[in-house]
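Remarks on the structure that follows.
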Amino acid sequence: MKMQISPSVMCVDFFELKEAIAVFEQEGIEYIHVDIMDGHFVPNFTLGTDFIKQLKKHTFIPMDIHLMVERPEEKLSWIDFGKGDYIAVHCEATPHLHKALSAIKERGAKAMAVLNPGTPIAALENVLDLLDGVLVMTVNPGFAGQKLIESTLEKITALREYLDKKGYSHVEIECDGNVSFENAKRMKEAGANIFVGGTSSVFSKEATIEENIKKMRAIIK
Ligand code: DX5
Ligand code: ZN
């Protein structure tokens with residue numbers, strides 16, 4: 001499976017966004033991870049629908065939109081997405097997971113279901129045929145800069161086995177939260193293939209974004 005990097009744009013210094021995007025394009029970044037929060041499903045607020053619209057005008061890189069909002073199926077019409085983009089909805093955020101994922105597929109985008117650290121893999125059982133990817137939260141969502149919840153590594157391993165056994169080996173596994181250089185290696189070994197780069201890797205202040213991306217590539221290749 002192709003190893004991909006999805007930098008979390010909420011972690012960028014917004015005054016350097018233009019330069020950051022130029023580096024993403026130059027380095028062949030596969031997706032831009034956009035965190036949308038509603039202050040209910042998670043306590044925080046971050047980026048919004050207008051931000052996505054703007055971003056789409058300035059880059060050809062597909063978006064990986066992580067919706068941390070309640071009832072995401074009611075909000076999809078607000079969001080500018082289409083073919084090539086990933087839209088991720090949390091299993092815990094709606095009683096209508098099937099409806100939400102179906103609506104994403106109908107618009108030609110790739111559908112992803114998200115599992116919080118406390119949510120079991122079984123939550124995916126009845127939507128497997130709608131999935132292009134599963135996002136395993138490796139921290140509780142809402143804030144950058146948190147510490148990896150170790151048990152989520154076993155969940156990635158179990159999920160890869162579960163998907164393969166059920167005939168869904170094409171379904172990708174993304175991990176989000178404290179995907180540091182050290183943790184990315186372990187997440188890859190566990191079976192993940194899309195890595196959300198946040199404050200602990202792509203946007204680490206210890207080197208430039210370009211150097212960090214190159215380092216991440218070498219680790220996950
Ligand atoms: C967590 C967010 C992540 C986060 C990742 O809710 O979805 O995108 O910004 O960054 P770090 O590496 O700081 O955990
Ligand atoms: Zn995210």
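Order determines the names: the first chain of the structure tokens is A, the second B, and so forth; residues in each chain are numbered 1 upward, and ligands are numbered 1 upward as they are shown.
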Can you pull out every residue from stretch 7-209 of chain A that DSSP, working from the backbone, puts in strand (DSSP E), and format the result as an MDAnalysis selection string? chainID A and resid 7 32:37 63:68 86:90 110:115 133:137 172:176 194:197
Per residue of chain A within 10 Å of ligand 1, record the nearest atom pair and its distance in Å to one decimal, counting only C-alpha atoms and all ligand atoms, with rows in chain order and ascending residue number, as CSV.
```
residue,atom,partner,partner_atom_place_in_ligand_line,distance
A:Ser6,CA,ligand 1,8 (O),9.1
A:Pro7,CA,ligand 1,8 (O),7.8
A:Ser8,CA,ligand 1,8 (O),4.8
A:Val9,CA,ligand 1,8 (O),7.6
A:Met10,CA,ligand 1,9 (O),6.1
A:Cys11,CA,ligand 1,9 (O),5.8
A:Val12,CA,ligand 1,9 (O),9.5
A:His33,CA,ligand 1,8 (O),6.8
A:Val34,CA,ligand 1,8 (O),7.4
A:Asp35,CA,ligand 1,7 (O),5.6
A:Ile36,CA,ligand 1,7 (O),8.5
A:Met37,CA,ligand 1,6 (O),8.7
A:Val42,CA,ligand 1,6 (O),8.5
A:Asn44,CA,ligand 1,6 (O),9.1
A:Thr46,CA,ligand 1,2 (C),9.7
A:Ile65,CA,ligand 1,7 (O),9.7
A:His66,CA,ligand 1,7 (O),7.0
A:Leu67,CA,ligand 1,7 (O),9.0
A:Met68,CA,ligand 1,6 (O),8.1
A:Met137,CA,ligand 1,1 (C),7.8
A:Thr138,CA,ligand 1,14 (O),8.5
A:Val139,CA,ligand 1,1 (C),6.9
A:Asn140,CA,ligand 1,6 (O),6.6
A:Pro141,CA,ligand 1,6 (O),3.5
A:Gly142,CA,ligand 1,6 (O),3.9
A:Phe143,CA,ligand 1,6 (O),4.7
A:Ala144,CA,ligand 1,13 (O),3.6
A:Gly145,CA,ligand 1,13 (O),3.6
A:Gln146,CA,ligand 1,14 (O),5.3
A:Lys147,CA,ligand 1,14 (O),7.2
A:Leu148,CA,ligand 1,14 (O),8.0
A:Cys175,CA,ligand 1,3 (C),9.3
A:Asp176,CA,ligand 1,3 (C),5.6
A:Gly177,CA,ligand 1,14 (O),3.7
A:Asn178,CA,ligand 1,14 (O),3.6
A:Val179,CA,ligand 1,12 (O),5.2
A:Ser180,CA,ligand 1,12 (O),6.3
A:Phe181,CA,ligand 1,12 (O),9.7
A:Phe195,CA,ligand 1,5 (C),9.7
A:Val196,CA,ligand 1,8 (O),6.3
A:Gly197,CA,ligand 1,12 (O),5.8
A:Gly198,CA,ligand 1,10 (O),3.4
A:Thr199,CA,ligand 1,13 (O),3.9
A:Ser200,CA,ligand 1,12 (O),4.3
A:Ser201,CA,ligand 1,12 (O),6.4
A:Val202,CA,ligand 1,12 (O),8.1
A:Phe203,CA,ligand 1,12 (O),8.1
A:Ser204,CA,ligand 1,12 (O),8.6
```
Out of A:Leu131, A:Ile194, A:Ala88, A:Ala93, which residue has the shortest atom-to-atom distance to A:Glu70 when counting only C-alpha atoms? A:Ala93
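Take the candidates A:Leu153, A:Ile220, A:Ile52, A:Leu135 and check each one against ligand 2 using only C-alpha atoms and all ligand atoms; the shortest distance goes to A:Leu135.
For the pair atom CA of A:His170 and atom CA of A:Asp132, the interatomic distance is 7.4 Å.
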Looking only at the backbone, which of the residues in chain A does DSSP tag as alpha helix (DSSP H), as number ranges by chain? A: 17-26, 49-58, 97-106, 151-165, 181-190, 209-220
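Ranking A:Leu124, A:Ala218, A:Ile29, A:Lys18 by their shortest atom-to-atom distance to A:Glu92, with only C-alpha atoms included, puts A:Leu124 first.
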If we count only C-alpha atoms, what is near A:Ser151 at a cut-off of 10 Å, once residues fewer than 5 positions away on the same chain are taken out, given as a ChimeraX atom specification? /A:117-118,138,156
Generate a file of the selected residues that holds N, CA, C and O atoms, formatted as a PDB file, in the first residue's frame.
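Listing of out14.pdb after writing:
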```pdb
ATOM      1  N   PRO A 117     -10.149   6.912  20.237  1.00  0.00           N
ATOM      2  CA  PRO A 117      -9.419   5.869  20.973  1.00  0.00           C
ATOM      3  C   PRO A 117     -10.345   4.913  21.744  1.00  0.00           C
ATOM      4  O   PRO A 117     -10.024   3.737  21.886  1.00  0.00           O
ATOM      5  N   GLY A 118     -11.483   5.402  22.192  1.00  0.00           N
ATOM      6  CA  GLY A 118     -12.393   4.552  22.972  1.00  0.00           C
ATOM      7  C   GLY A 118     -13.420   3.792  22.164  1.00  0.00           C
ATOM      8  O   GLY A 118     -14.288   3.115  22.735  1.00  0.00           O
ATOM      9  N   THR A 138      -5.143   8.513  17.300  1.00  0.00           N
ATOM     10  CA  THR A 138      -4.119   8.002  18.210  1.00  0.00           C
ATOM     11  C   THR A 138      -3.966   8.910  19.441  1.00  0.00           C
ATOM     12  O   THR A 138      -3.134   8.665  20.303  1.00  0.00           O
ATOM     13  N   ILE A 156      -4.542  -0.398  15.486  1.00  0.00           N
ATOM     14  CA  ILE A 156      -4.173  -0.328  14.061  1.00  0.00           C
ATOM     15  C   ILE A 156      -3.851  -1.739  13.539  1.00  0.00           C
ATOM     16  O   ILE A 156      -4.338  -2.137  12.474  1.00  0.00           O
TER      17      ILE A 156
END
```
Show which residues sit within 12 Å of A:Tyr86, as a PyMOL selection string. Count only C-alpha atoms, and ignore same-chain residues fewer than 3 positions away. chain A and resi 6+30-34+61-67+80-83+89+101+104-105+107-114+131-135+172+174+194
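The closest residue to A:Phe41, picked from A:Val69, A:Ile21, A:Ala103, A:Leu128 and counting only C-alpha atoms, is A:Val69.
Using only C-alpha atoms and all ligand atoms, the smallest distance between any of A:Val136, A:Glu106, A:Phe24, A:Ala123 and ligand 2 comes from A:Val136.
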